[in-house]
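J.: My structure is stored as upload_26.txt, with compact mmCIF, C-alpha atoms and all ligand atoms.
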```
# COMPACT_ATOMS: atom_id res chain seq x y z
CA MET S 1 0.00 0.00 0.00
CA ALA S 2 1.51 3.27 -1.09
CA ASP S 3 0.82 6.38 -3.05
CA LEU S 4 2.97 7.21 -6.06
CA SER S 5 3.98 10.42 -7.70
CA LEU S 6 5.41 10.67 -11.19
CA ARG S 7 6.70 14.16 -11.88
CA ASN S 8 7.76 15.16 -15.37
CA VAL S 9 9.02 11.66 -15.99
CA LYS S 10 10.69 11.20 -19.36
CA LYS S 11 12.35 8.24 -21.03
CA ILE S 12 14.88 8.52 -23.82
CA TYR S 13 16.29 5.17 -24.94
CA ASP S 14 19.92 4.80 -26.02
CA ASN S 15 18.87 4.93 -29.67
CA SER S 16 17.46 8.40 -28.85
CA VAL S 17 13.84 7.17 -29.10
CA VAL S 18 11.79 9.34 -26.75
CA ALA S 19 9.35 6.74 -25.42
CA VAL S 20 7.70 8.79 -22.65
CA GLN S 21 7.32 12.56 -22.47
CA SER S 22 6.71 14.63 -19.33
CA PHE S 23 4.50 12.09 -17.60
CA ASN S 24 2.77 13.60 -14.55
CA LEU S 25 0.49 11.61 -12.31
CA GLU S 26 -0.41 11.44 -8.65
CA ILE S 27 -1.63 7.95 -7.74
CA ALA S 28 -3.50 7.56 -4.48
CA ASP S 29 -2.88 4.74 -2.04
CA LYS S 30 -4.93 1.65 -3.11
CA GLU S 31 -5.93 3.21 -6.39
CA PHE S 32 -6.21 1.04 -9.50
CA ILE S 33 -4.62 2.93 -12.40
CA VAL S 34 -4.71 1.61 -15.95
CA LEU S 35 -2.28 2.84 -18.60
CA VAL S 36 -3.87 2.31 -22.00
CA GLY S 37 -3.02 3.18 -25.57
CA PRO S 38 -1.96 1.62 -28.86
CA SER S 39 1.22 -0.40 -29.22
CA GLY S 40 4.36 1.71 -28.87
CA CYS S 41 2.74 4.60 -26.98
CA GLY S 42 5.04 4.17 -23.97
CA LYS S 43 2.85 2.27 -21.48
CA SER S 44 5.30 -0.55 -20.73
CA THR S 45 8.21 1.85 -20.56
CA THR S 46 6.34 3.90 -17.94
CA LEU S 47 5.53 0.77 -15.92
CA ARG S 48 9.09 -0.50 -16.18
CA MET S 49 10.41 2.83 -14.92
CA VAL S 50 8.12 2.49 -11.89
CA ALA S 51 9.44 -1.04 -11.39
CA GLY S 52 13.04 0.10 -11.69
CA LEU S 53 13.64 -2.09 -14.75
CA GLU S 54 14.29 0.98 -16.90
CA GLU S 55 16.26 4.01 -15.87
CA ILE S 56 14.32 7.28 -15.64
CA SER S 57 15.96 9.74 -18.04
CA GLU S 58 14.39 12.86 -16.52
CA GLY S 59 11.92 13.67 -13.77
CA GLU S 60 11.17 12.15 -10.41
CA LEU S 61 9.39 9.08 -9.12
CA TYR S 62 8.14 8.83 -5.55
CA ILE S 63 6.69 5.71 -3.95
CA GLY S 64 5.19 6.19 -0.50
CA GLY S 65 6.76 9.64 -0.32
CA ARG S 66 10.28 8.29 -0.99
CA LYS S 67 12.15 9.30 -4.12
CA VAL S 68 13.15 6.04 -5.77
CA ASN S 69 14.74 7.06 -9.09
CA THR S 70 17.95 5.21 -8.25
CA VAL S 71 16.55 2.55 -5.89
CA PRO S 72 16.97 -0.98 -7.36
CA PRO S 73 13.81 -2.99 -8.18
CA LYS S 74 14.11 -5.36 -5.23
CA ASP S 75 14.14 -2.45 -2.79
CA ARG S 76 11.06 -0.73 -4.20
CA ASP S 77 8.63 -3.15 -2.54
CA ILE S 78 6.92 -3.82 -5.82
CA ALA S 79 5.67 -6.97 -7.52
CA MET S 80 5.12 -7.27 -11.25
CA VAL S 81 3.13 -9.70 -13.37
CA PHE S 82 4.11 -10.03 -17.01
CA GLN S 83 2.25 -11.10 -20.12
CA ASN S 84 4.44 -14.18 -20.58
CA TYR S 85 3.98 -15.59 -17.04
CA ALA S 86 7.74 -16.01 -16.50
CA LEU S 87 7.40 -19.21 -14.47
CA TYR S 88 10.21 -21.67 -13.71
CA PRO S 89 9.24 -24.76 -15.73
CA HIS S 90 11.17 -27.23 -13.53
CA MET S 91 9.46 -26.10 -10.30
CA THR S 92 5.99 -27.03 -9.06
CA VAL S 93 3.32 -24.38 -8.75
CA TYR S 94 3.95 -24.37 -4.99
CA ASP S 95 7.67 -23.76 -5.44
CA ASN S 96 7.11 -21.11 -8.10
CA ILE S 97 4.90 -19.16 -5.70
CA ALA S 98 7.20 -19.79 -2.74
CA TYR S 99 10.42 -18.96 -4.58
CA GLY S 100 10.68 -15.26 -3.80
CA LEU S 101 9.91 -15.85 -0.13
CA LYS S 102 12.53 -18.60 0.10
CA LEU S 103 15.12 -16.23 -1.35
CA ARG S 104 14.17 -13.74 1.29
CA LYS S 105 14.65 -16.50 3.89
CA PHE S 106 11.13 -16.45 5.30
CA PRO S 107 10.49 -19.33 7.78
CA LYS S 108 9.03 -22.42 6.11
CA ARG S 109 5.83 -22.21 8.14
CA VAL S 110 5.20 -18.61 7.05
CA ILE S 111 5.94 -19.47 3.42
CA ASP S 112 3.53 -22.38 3.55
CA GLN S 113 0.78 -20.23 5.01
CA LYS S 114 1.25 -17.43 2.45
CA VAL S 115 1.40 -19.84 -0.50
CA ARG S 116 -1.78 -21.59 0.59
CA GLU S 117 -3.58 -18.30 1.18
CA ALA S 118 -2.62 -17.03 -2.27
CA ALA S 119 -3.60 -20.36 -3.85
CA GLU S 120 -6.96 -20.13 -2.18
CA ILE S 121 -7.55 -16.55 -3.35
CA LEU S 122 -6.71 -17.62 -6.89
CA ASP S 123 -8.51 -20.95 -6.70
CA ILE S 124 -5.44 -23.02 -7.62
CA THR S 125 -5.00 -25.05 -4.41
CA GLU S 126 -5.50 -28.32 -6.26
CA LEU S 127 -2.76 -27.39 -8.73
CA LEU S 128 0.03 -26.75 -6.22
CA LYS S 129 1.90 -29.98 -7.01
CA ARG S 130 1.77 -29.59 -10.78
CA LYS S 131 4.51 -28.24 -13.02
CA PRO S 132 3.67 -25.22 -15.22
CA LYS S 133 3.63 -27.28 -18.42
CA ALA S 134 0.61 -29.18 -17.07
CA LEU S 135 -1.38 -25.95 -16.68
CA SER S 136 -3.58 -23.96 -19.03
CA GLY S 137 -2.63 -20.38 -19.93
CA GLY S 138 -5.14 -18.98 -17.46
CA GLN S 139 -3.84 -21.22 -14.68
CA ARG S 140 -0.25 -20.22 -15.39
CA GLN S 141 -1.19 -16.57 -15.16
CA ARG S 142 -2.86 -17.25 -11.81
CA VAL S 143 0.40 -18.80 -10.58
CA ALA S 144 2.31 -15.73 -11.75
CA ILE S 145 -0.17 -13.52 -9.90
CA GLY S 146 0.12 -15.80 -6.83
CA ARG S 147 3.86 -15.32 -6.81
CA ALA S 148 3.32 -11.57 -6.76
CA ILE S 149 0.60 -11.68 -4.09
CA VAL S 150 2.71 -13.53 -1.51
CA ARG S 151 5.15 -10.65 -1.53
CA GLU S 152 2.44 -8.36 -0.19
CA PRO S 153 3.95 -5.54 -2.22
CA GLN S 154 3.25 -1.87 -1.74
CA VAL S 155 2.52 -1.59 -5.43
CA PHE S 156 1.28 -4.26 -7.80
CA LEU S 157 2.33 -3.78 -11.43
CA MET S 158 0.73 -5.73 -14.26
CA ASP S 159 1.96 -5.56 -17.85
CA GLU S 160 -0.68 -6.88 -20.28
CA PRO S 161 -1.27 -9.89 -18.00
CA LEU S 162 -4.24 -11.17 -20.00
CA SER S 163 -2.98 -10.65 -23.54
CA ASN S 164 -1.91 -14.27 -24.05
CA LEU S 165 -5.31 -15.64 -23.12
CA ASP S 166 -8.19 -16.28 -25.47
CA ALA S 167 -11.23 -13.98 -25.31
CA LYS S 168 -13.31 -16.14 -22.96
CA LEU S 169 -10.51 -16.69 -20.48
CA ARG S 170 -9.59 -13.05 -20.66
CA ASN S 171 -13.08 -12.04 -19.62
CA GLN S 172 -13.01 -14.55 -16.79
CA MET S 173 -9.58 -13.40 -15.57
CA ARG S 174 -10.70 -9.78 -15.80
CA SER S 175 -13.40 -10.51 -13.25
CA GLU S 176 -10.83 -12.42 -11.18
CA ILE S 177 -8.60 -9.35 -11.11
CA ILE S 178 -11.52 -7.22 -9.92
CA LYS S 179 -12.11 -9.70 -7.09
CA LEU S 180 -8.39 -9.94 -6.37
CA ARG S 181 -8.21 -6.20 -6.07
CA GLN S 182 -10.96 -6.27 -3.44
CA ARG S 183 -9.11 -8.94 -1.47
CA ILE S 184 -5.55 -7.69 -1.51
CA ASN S 185 -6.21 -4.01 -1.20
CA THR S 186 -3.03 -2.50 -2.58
CA THR S 187 -2.07 0.07 -5.23
CA PHE S 188 -2.24 -1.28 -8.79
CA ILE S 189 -0.80 -0.01 -12.04
CA TYR S 190 -2.04 -2.06 -14.95
CA VAL S 191 -0.95 -1.78 -18.60
CA THR S 192 -3.15 -2.83 -21.48
CA HIS S 193 -3.89 -1.90 -25.09
CA ASP S 194 -7.47 -3.08 -24.61
CA GLN S 195 -9.90 -0.28 -23.83
CA THR S 196 -12.50 -2.71 -22.46
CA GLU S 197 -10.00 -3.92 -19.86
CA ALA S 198 -9.11 -0.33 -19.07
CA MET S 199 -12.74 0.72 -18.67
CA THR S 200 -13.72 -2.26 -16.51
CA LEU S 201 -10.68 -2.37 -14.23
CA GLY S 202 -9.47 1.18 -13.71
CA ASP S 203 -10.46 3.62 -10.99
CA ARG S 204 -8.75 6.04 -13.33
CA ILE S 205 -7.43 5.52 -16.83
CA VAL S 206 -4.37 7.16 -18.35
CA ILE S 207 -4.69 7.28 -22.13
CA MET S 208 -1.37 7.60 -23.94
CA LYS S 209 -0.34 8.26 -27.52
CA GLU S 210 3.19 8.50 -28.89
CA GLY S 211 4.70 8.99 -25.44
CA PHE S 212 2.29 11.73 -24.39
CA VAL S 213 -0.51 11.44 -21.86
CA GLN S 214 -3.70 12.42 -23.66
CA GLN S 215 -6.11 12.34 -20.74
CA VAL S 216 -6.43 11.03 -17.19
CA GLY S 217 -9.85 10.36 -15.73
CA THR S 218 -12.35 7.87 -14.45
CA PRO S 219 -13.81 5.52 -17.08
CA GLN S 220 -16.97 7.60 -17.13
CA GLU S 221 -15.09 10.89 -17.49
CA VAL S 222 -12.98 9.77 -20.43
CA PHE S 223 -16.03 8.24 -22.10
CA ARG S 224 -18.31 11.22 -21.60
CA HIS S 225 -15.77 14.01 -21.81
CA PRO S 226 -12.98 12.94 -24.18
CA ALA S 227 -10.26 15.57 -24.29
CA ASN S 228 -9.63 15.13 -27.99
CA LEU S 229 -10.49 13.11 -31.07
CA PHE S 230 -7.88 10.48 -30.24
CA VAL S 231 -9.41 9.68 -26.85
CA ALA S 232 -12.89 9.87 -28.36
CA GLY S 233 -11.96 7.25 -30.94
CA PHE S 234 -9.96 5.04 -28.61
CA ILE S 235 -12.46 4.74 -25.77
CA GLY S 236 -15.83 3.16 -26.49
CA THR S 237 -16.87 0.40 -28.82
CA PRO S 238 -18.06 0.56 -31.52
CA GLN S 239 -15.95 3.64 -32.13
CA MET S 240 -17.39 7.14 -31.98
CA ASN S 241 -18.68 8.38 -35.36
CA THR S 242 -17.24 11.59 -36.74
CA PHE S 243 -18.70 13.96 -39.30
CA ASP S 244 -17.69 17.29 -40.79
CA ALA S 245 -20.24 19.72 -39.39
CA ARG S 246 -20.75 23.31 -38.42
CA LEU S 247 -20.94 24.71 -34.89
CA ILE S 248 -23.34 27.65 -34.90
CA ARG S 249 -23.28 30.30 -32.20
CA GLU S 250 -26.21 32.68 -31.81
CA GLY S 251 -25.53 34.89 -28.80
CA GLY S 252 -25.26 32.48 -25.90
CA ARG S 253 -26.88 29.58 -27.75
CA TYR S 254 -25.05 26.87 -29.65
CA SER S 255 -26.21 24.28 -32.14
CA VAL S 256 -24.62 21.95 -34.65
CA GLU S 257 -25.62 21.64 -38.26
CA LEU S 258 -25.06 18.51 -40.29
CA GLU S 259 -26.47 18.10 -43.79
CA GLY S 260 -29.23 20.60 -43.10
CA ALA S 261 -30.23 18.92 -39.81
CA ARG S 262 -29.80 21.19 -36.84
CA VAL S 263 -29.54 20.08 -33.20
CA ALA S 264 -29.36 22.48 -30.26
CA LEU S 265 -26.63 21.64 -27.76
CA SER S 266 -27.53 20.90 -24.14
CA PRO S 267 -27.23 23.72 -21.58
CA GLU S 268 -24.17 22.02 -19.99
CA LYS S 269 -22.37 21.93 -23.30
CA GLU S 270 -23.40 25.49 -24.11
CA ALA S 271 -22.10 26.68 -20.75
CA ARG S 272 -18.70 25.09 -21.33
CA LEU S 273 -18.41 26.49 -24.86
CA LEU S 274 -19.46 29.93 -23.62
CA ALA S 275 -16.90 29.76 -20.81
CA GLY S 276 -14.21 29.36 -23.48
CA ASP S 277 -15.91 31.99 -25.69
CA VAL S 278 -15.81 29.48 -28.54
CA PRO S 279 -16.94 31.09 -31.80
CA GLY S 280 -19.06 29.37 -34.44
CA GLN S 281 -16.85 27.39 -36.80
CA GLU S 282 -16.40 24.29 -38.94
CA VAL S 283 -15.89 21.36 -36.57
CA VAL S 284 -15.55 17.62 -36.40
CA LEU S 285 -18.72 16.41 -34.80
CA GLY S 286 -18.48 13.21 -32.72
CA VAL S 287 -21.51 11.08 -31.89
CA ARG S 288 -21.33 7.61 -30.38
CA PRO S 289 -23.15 4.86 -32.28
CA GLU S 290 -25.44 4.19 -29.32
CA HIS S 291 -26.41 7.87 -29.13
CA ILE S 292 -27.73 7.99 -32.69
CA VAL S 293 -31.40 7.25 -33.23
CA LEU S 294 -33.26 6.50 -36.40
CA THR S 295 -36.13 8.84 -37.08
CA GLN S 296 -39.01 9.08 -39.55
CA MET S 297 -38.96 12.87 -39.40
CA SER S 298 -37.82 14.90 -42.36
CA GLY S 299 -35.34 16.94 -40.30
CA GLY S 300 -33.09 13.90 -39.77
CA VAL S 301 -29.74 13.33 -41.46
CA PRO S 302 -30.11 11.09 -44.54
CA ALA S 303 -28.06 7.88 -44.63
CA ARG S 304 -27.83 4.75 -46.76
CA VAL S 305 -27.51 1.35 -45.07
CA ASP S 306 -24.43 -0.63 -46.14
CA VAL S 307 -24.45 -3.54 -43.73
CA SER S 308 -26.67 -4.53 -40.86
CA GLU S 309 -25.03 -6.72 -38.19
CA MET S 310 -27.27 -8.58 -35.78
CA MET S 311 -25.52 -8.66 -32.41
CA GLY S 312 -28.35 -10.26 -30.44
CA SER S 313 -29.88 -7.54 -28.34
CA ALA S 314 -28.95 -4.81 -30.83
CA VAL S 315 -28.26 -4.35 -34.51
CA HIS S 316 -25.20 -2.45 -35.62
CA ILE S 317 -26.16 -0.65 -38.77
CA HIS S 318 -23.25 0.54 -40.89
CA VAL S 319 -24.35 3.49 -42.99
CA GLU S 320 -22.92 6.02 -45.35
CA ALA S 321 -23.86 9.52 -44.29
CA CYS S 322 -22.46 12.94 -45.16
CA GLY S 323 -19.72 11.25 -47.19
CA ARG S 324 -18.50 9.23 -44.23
CA GLU S 325 -19.06 5.76 -42.85
CA ALA S 326 -20.91 5.63 -39.58
CA VAL S 327 -22.35 3.02 -37.25
CA ILE S 328 -25.72 3.21 -35.55
CA VAL S 329 -26.59 0.89 -32.69
CA VAL S 330 -30.28 0.07 -32.75
CA PRO S 331 -31.65 -1.89 -29.81
CA VAL S 332 -33.78 -4.87 -30.75
CA SER S 333 -37.03 -5.44 -28.95
CA GLU S 334 -38.41 -8.97 -28.55
CA GLU S 335 -41.45 -7.94 -30.58
CA ALA S 336 -39.41 -6.56 -33.47
CA ALA S 337 -37.28 -9.71 -33.50
CA GLU S 338 -40.37 -11.93 -33.60
CA ARG S 339 -41.83 -9.93 -36.47
CA GLY S 340 -38.49 -10.24 -38.30
CA GLU S 341 -38.18 -6.45 -38.35
CA ASP S 342 -34.83 -6.34 -36.61
CA VAL S 343 -32.53 -6.20 -39.64
CA ILE S 344 -32.52 -3.35 -42.15
CA SER S 345 -31.54 -4.46 -45.60
CA THR S 346 -28.62 -3.05 -47.56
CA GLY S 347 -29.45 0.00 -49.61
CA THR S 348 -32.33 1.16 -47.40
CA LEU S 349 -32.45 4.92 -46.99
CA VAL S 350 -32.90 6.00 -43.39
CA ARG S 351 -32.72 9.21 -41.41
CA PHE S 352 -31.10 9.70 -38.05
CA THR S 353 -30.75 12.24 -35.31
CA PHE S 354 -29.05 12.59 -31.93
CA ARG S 355 -29.40 14.48 -28.70
CA GLY S 356 -27.72 17.79 -28.06
CA SER S 357 -26.30 16.38 -24.82
CA ALA S 358 -24.59 13.44 -26.55
CA VAL S 359 -22.52 15.20 -29.21
CA HIS S 360 -18.92 16.32 -29.04
CA VAL S 361 -17.42 19.14 -31.04
CA PHE S 362 -13.74 18.95 -31.92
CA ASP S 363 -11.40 21.52 -33.42
CA ARG S 364 -10.84 20.69 -37.11
CA GLU S 365 -7.10 21.47 -36.89
CA THR S 366 -6.02 20.16 -33.51
CA GLY S 367 -8.70 17.59 -32.68
CA ARG S 368 -9.17 19.23 -29.27
CA ASN S 369 -12.59 19.02 -27.64
CA LEU S 370 -13.86 22.60 -27.90
CA GLU S 371 -15.75 22.33 -24.62
CA TYR S 372 -12.46 22.42 -22.78
CA GLY S 373 -9.45 24.70 -22.81
CA PRO S 374 -6.05 23.64 -24.15
CA GLU S 375 -5.56 21.46 -21.05
CA PRO S 376 -7.36 18.09 -21.04
CA PRO S 377 -10.46 18.09 -18.82
CA ALA S 378 -9.11 17.32 -15.37
CA ALA S 379 -11.08 14.90 -13.23
CA GLU S 380 -12.06 17.51 -10.69
CA ALA S 381 -12.63 20.17 -13.33
CA ASN S 382 -15.44 18.20 -14.94
CA PRO S 383 -18.66 19.80 -13.85
CA PRO S 384 -21.40 17.38 -12.90
CA VAL S 385 -23.29 16.51 -16.04
CA ALA S 386 -27.00 15.95 -16.05
CA SER S 387 -28.11 12.49 -17.00
CA GLN S 388 -28.90 12.20 -20.65
CA ALA S 389 -32.33 10.91 -19.86
CA GLU S 390 -33.25 14.42 -18.72
CA GLU S 391 -32.59 15.82 -22.16
CA PRO S 392 -35.39 15.20 -24.63
CA ALA S 393 -34.31 13.99 -28.04
CA PRO S 394 -34.95 16.75 -30.54
CA LEU S 395 -36.44 14.56 -33.20
CA ALA S 396 -36.83 11.01 -32.10
CA ALA S 397 -37.18 8.37 -29.45
CA GLU S 398 -34.97 7.35 -26.57
CA PRO S 399 -31.66 5.79 -27.65
CA SER S 400 -30.44 2.63 -25.98
CA PRO S 401 -27.59 2.56 -23.48
CA ALA S 402 -24.18 1.52 -24.78
CA LEU S 403 -23.67 -2.12 -25.56
CA PRO S 404 -20.24 -3.24 -24.48
CA GLU S 405 -18.69 -5.39 -27.16
CA GLU S 406 -16.31 -8.24 -26.48
CA PRO S 407 -12.77 -7.71 -27.65
CA ALA S 408 -11.72 -9.90 -30.55
CA SER S 409 -10.07 -13.14 -29.61
CA ALA S 410 -6.34 -13.05 -30.13
CA PRO S 411 -4.66 -15.91 -28.29
CA GLY S 412 -0.97 -15.24 -28.39
CA GLU S 413 2.04 -17.45 -27.92
CA ASP S 414 1.88 -19.60 -24.87
CA VAL S 415 5.51 -20.12 -24.04
CA LEU S 416 7.03 -20.95 -20.71
CA GLN S 417 10.05 -18.86 -20.11
CA ASP S 418 12.71 -19.62 -17.63
CA ILE S 419 13.40 -15.99 -16.89
CA GLY S 420 11.91 -16.26 -13.41
CA ASP S 421 11.15 -13.19 -11.41
CA PRO S 422 13.41 -10.21 -12.04
CA PHE S 423 12.65 -8.83 -8.62
CA ALA S 424 13.61 -12.07 -6.89
CA GLU S 425 16.61 -12.68 -9.15
CA ASP S 426 18.04 -9.39 -8.06
CA ASP S 427 18.33 -10.85 -4.60
CA THR S 428 20.66 -13.66 -5.59
P1 LIG S 501 3.88 0.14 -25.36
O1 LIG S 501 4.08 -0.59 -24.07
O2 LIG S 501 2.88 1.23 -25.25
O3 LIG S 501 3.61 -0.78 -26.51
P2 LIG S 501 6.70 0.71 -25.17
O4 LIG S 501 6.82 1.42 -23.87
O5 LIG S 501 7.09 -0.74 -25.20
O6 LIG S 501 5.24 0.90 -25.74
O7 LIG S 501 7.57 1.45 -26.28
C1 LIG S 501 7.50 2.85 -26.47
C2 LIG S 501 8.50 3.25 -27.55
O8 LIG S 501 9.81 2.98 -27.11
C3 LIG S 501 8.35 2.48 -28.86
O9 LIG S 501 8.65 3.35 -29.91
C4 LIG S 501 9.38 1.39 -28.75
O10 LIG S 501 9.82 0.97 -30.02
C5 LIG S 501 10.50 2.09 -27.98
N1 LIG S 501 11.27 1.15 -27.17
C6 LIG S 501 10.80 0.29 -26.24
N2 LIG S 501 11.80 -0.38 -25.65
C7 LIG S 501 12.94 0.07 -26.21
C8 LIG S 501 14.33 -0.23 -26.02
N3 LIG S 501 14.73 -1.12 -25.12
N4 LIG S 501 15.23 0.44 -26.78
C9 LIG S 501 14.83 1.36 -27.67
N5 LIG S 501 13.54 1.70 -27.90
C10 LIG S 501 12.61 1.07 -27.19
```
What's the structure tokens form of this structure?

T.:
Amino acid sequence: MADLSLRNVKKIYDNSVVAVQSFNLEIADKEFIVLVGPSGCGKSTTLRMVAGLEEISEGELYIGGRKVNTVPPKDRDIAMVFQNYALYPHMTVYDNIAYGLKLRKFPKRVIDQKVREAAEILDITELLKRKPKALSGGQRQRVAIGRAIVREPQVFLMDEPLSNLDAKLRNQMRSEIIKLRQRINTTFIYVTHDQTEAMTLGDRIVIMKEGFVQQVGTPQEVFRHPANLFVAGFIGTPQMNTFDARLIREGGRYSVELEGARVALSPEKEARLLAGDVPGQEVVLGVRPEHIVLTQMSGGVPARVDVSEMMGSAVHIHVEACGREAVIVVPVSEEAAERGEDVISTGTLVRFTFRGSAVHVFDRETGRNLEYGPEPPAAEANPPVASQAEEPAPLAAEPSPALPEEPASAPGEDVLQDIGDPFAEDDT
């Protein structure tokens, strides 16, 4: 249990690649922080600097109030779980979990108690006598987590721990990590490229791109108030739709105009735009697929259906509208499904609209969300936002809530590596 402070942390590799740029973050004791972003954005480098596995080129890192820039990994009171499990293949599960404690010369009785407690938490008691090669990927990852748990570290670091698992196991282990977090009550920093993992696990999410932090916030904040187009596109599935549109300002009132359809913005959005004295301008308009509703009314935006995907409780309709491709999530009622009216055939012309509380306006040049200043919306700076249900749809019926979509299955290599535990190995 410890708080962490990363102050202007920067990483320049020997080949002069700048992997992380001025990373600033205060992490509270027992907080679960997720670093998320596409491959190469600097997530692992940041985590490895916290672990002490990479040198910090510039800036300061504090763990529990102590500056640890030059403190070796084994003295940082940290445990780390890697994507590739890093188990010793010749040792039993029991010995793999016990290994770090043995190195630290804990009494046998204490080791036995801690190993059995961890095994119970992870539901692997019956596997303790097996060797790693006789375990499934999910079981191996549990052993790797068990080895970290017995350390009772101040900070628990996880680097893509679920990436080698298939989609079903990944979902199961995700819930296990949520439960684990409730049981071991420590500070977590978790790295993933998967926004669903980030959204479901994090108290706060740090979204990174090309070494720069794009936004830090709770899952709800980054979903509802994306700082820029990158965050808007990265968080949420299916991805947010974007259109070229016009932001119109008339005195203190704002609306957006898209293909002749005009939607007044909600008072909260108007207030934020007014606070920044944002003038009317050409913008990129962002609307999430689940916030678009089909309408029969003539004021709606015309669209042509390309593909209609039945997802069970909703249909994802891919359309062409305003020269762009867009997705509309249409909830399916039992009645519509029974009448066979749940799928819209290719080529159908439809019209859609959206609420003024559910749209985002982005600067055409910079991609910045115009509701906020140049700085990303800070967690505490986000004013409370009225529930969307309070805002009547201008043209049509109530849209459905977001449908979380499962990430695609991508089982990776499943290799046992005899690299052991870098934190323990440092002790030898
Ligand atoms: P992520 O974890 O987000 O995929 P990384 O932190 O692994 O990203 O990498 C960030 C950037 O640093 C990438 O451009 C990557 O190629 C580079 N990089 C990572 N490790 C090294 C290294 N040991 N030497 C040089 N460049 C590296």

J.: Pick from S:Thr366, S:Thr46, S:Ser22, S:Ser298: nearest to ligand LIG 501 (chain S), with all atoms listed in the file counted?

T.: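 So, comparing all the options, the nearest one is S:Thr46.
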
J.: As an exercise, work out the distance from atom CA of S:Gly233 to atom CA of S:Val287 in Å and give it to one decimal place.

T.: 10.3 Å

J.: Once you count all atoms listed in the file, which residues end up within 6 Å of ligand LIG 501 (chain S), and could you hand them over as a list of chain:residue names?

T.: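 Those within range of ligand LIG 501 (chain S) are S:Tyr13, S:Asn15, S:Val17, S:Ala19, S:Ser39, S:Gly40, S:Cys41, S:Gly42, S:Lys43, S:Ser44, S:Thr45.
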
J.: Quick one: everything within 9 Å of S:Leu35, counting all atoms listed in the file, minus sequence neighbours fewer than 2 positions away in the same chain. Send it as an MDAnalysis selection string.

T.: chainID S and resid 33 37 43:44 46:47 189:193 198 202 204:208

J.: Quick one: pull the distance between atom CA of S:Ala148 and atom CA of S:Met80, Å, one decimal.

T.: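 Taking atom CA of S:Ala148 as the start and atom CA of S:Met80 as the end point, the length is 6.5 Å.
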
J.: So what do you get for atom CA of S:Glu55 versus atom CA of S:Tyr99, distance-wise?

T.: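 Separation of atom CA of S:Glu55 and atom CA of S:Tyr99: 26.3 Å.
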
J.: Using only C-alpha atoms, which residues sit within 9 Å of S:Ile235 once same-chain residues fewer than 5 positions away are excluded, as a compact mmCIF listing (two decimals) with C-alpha atoms, keeping the file's coordinate frame?

T.:
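What landed in selection.txt:
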```txt
# COMPACT_ATOMS: atom_id res chain seq x y z
CA GLN S 195 -9.90 -0.28 -23.83
CA THR S 196 -12.50 -2.71 -22.46
CA MET S 199 -12.74 0.72 -18.67
CA ILE S 207 -4.69 7.28 -22.13
CA PRO S 219 -13.81 5.52 -17.08
CA VAL S 222 -12.98 9.77 -20.43
CA PHE S 223 -16.03 8.24 -22.10
CA PRO S 226 -12.98 12.94 -24.18
CA PHE S 230 -7.88 10.48 -30.24
CA MET S 240 -17.39 7.14 -31.98
```
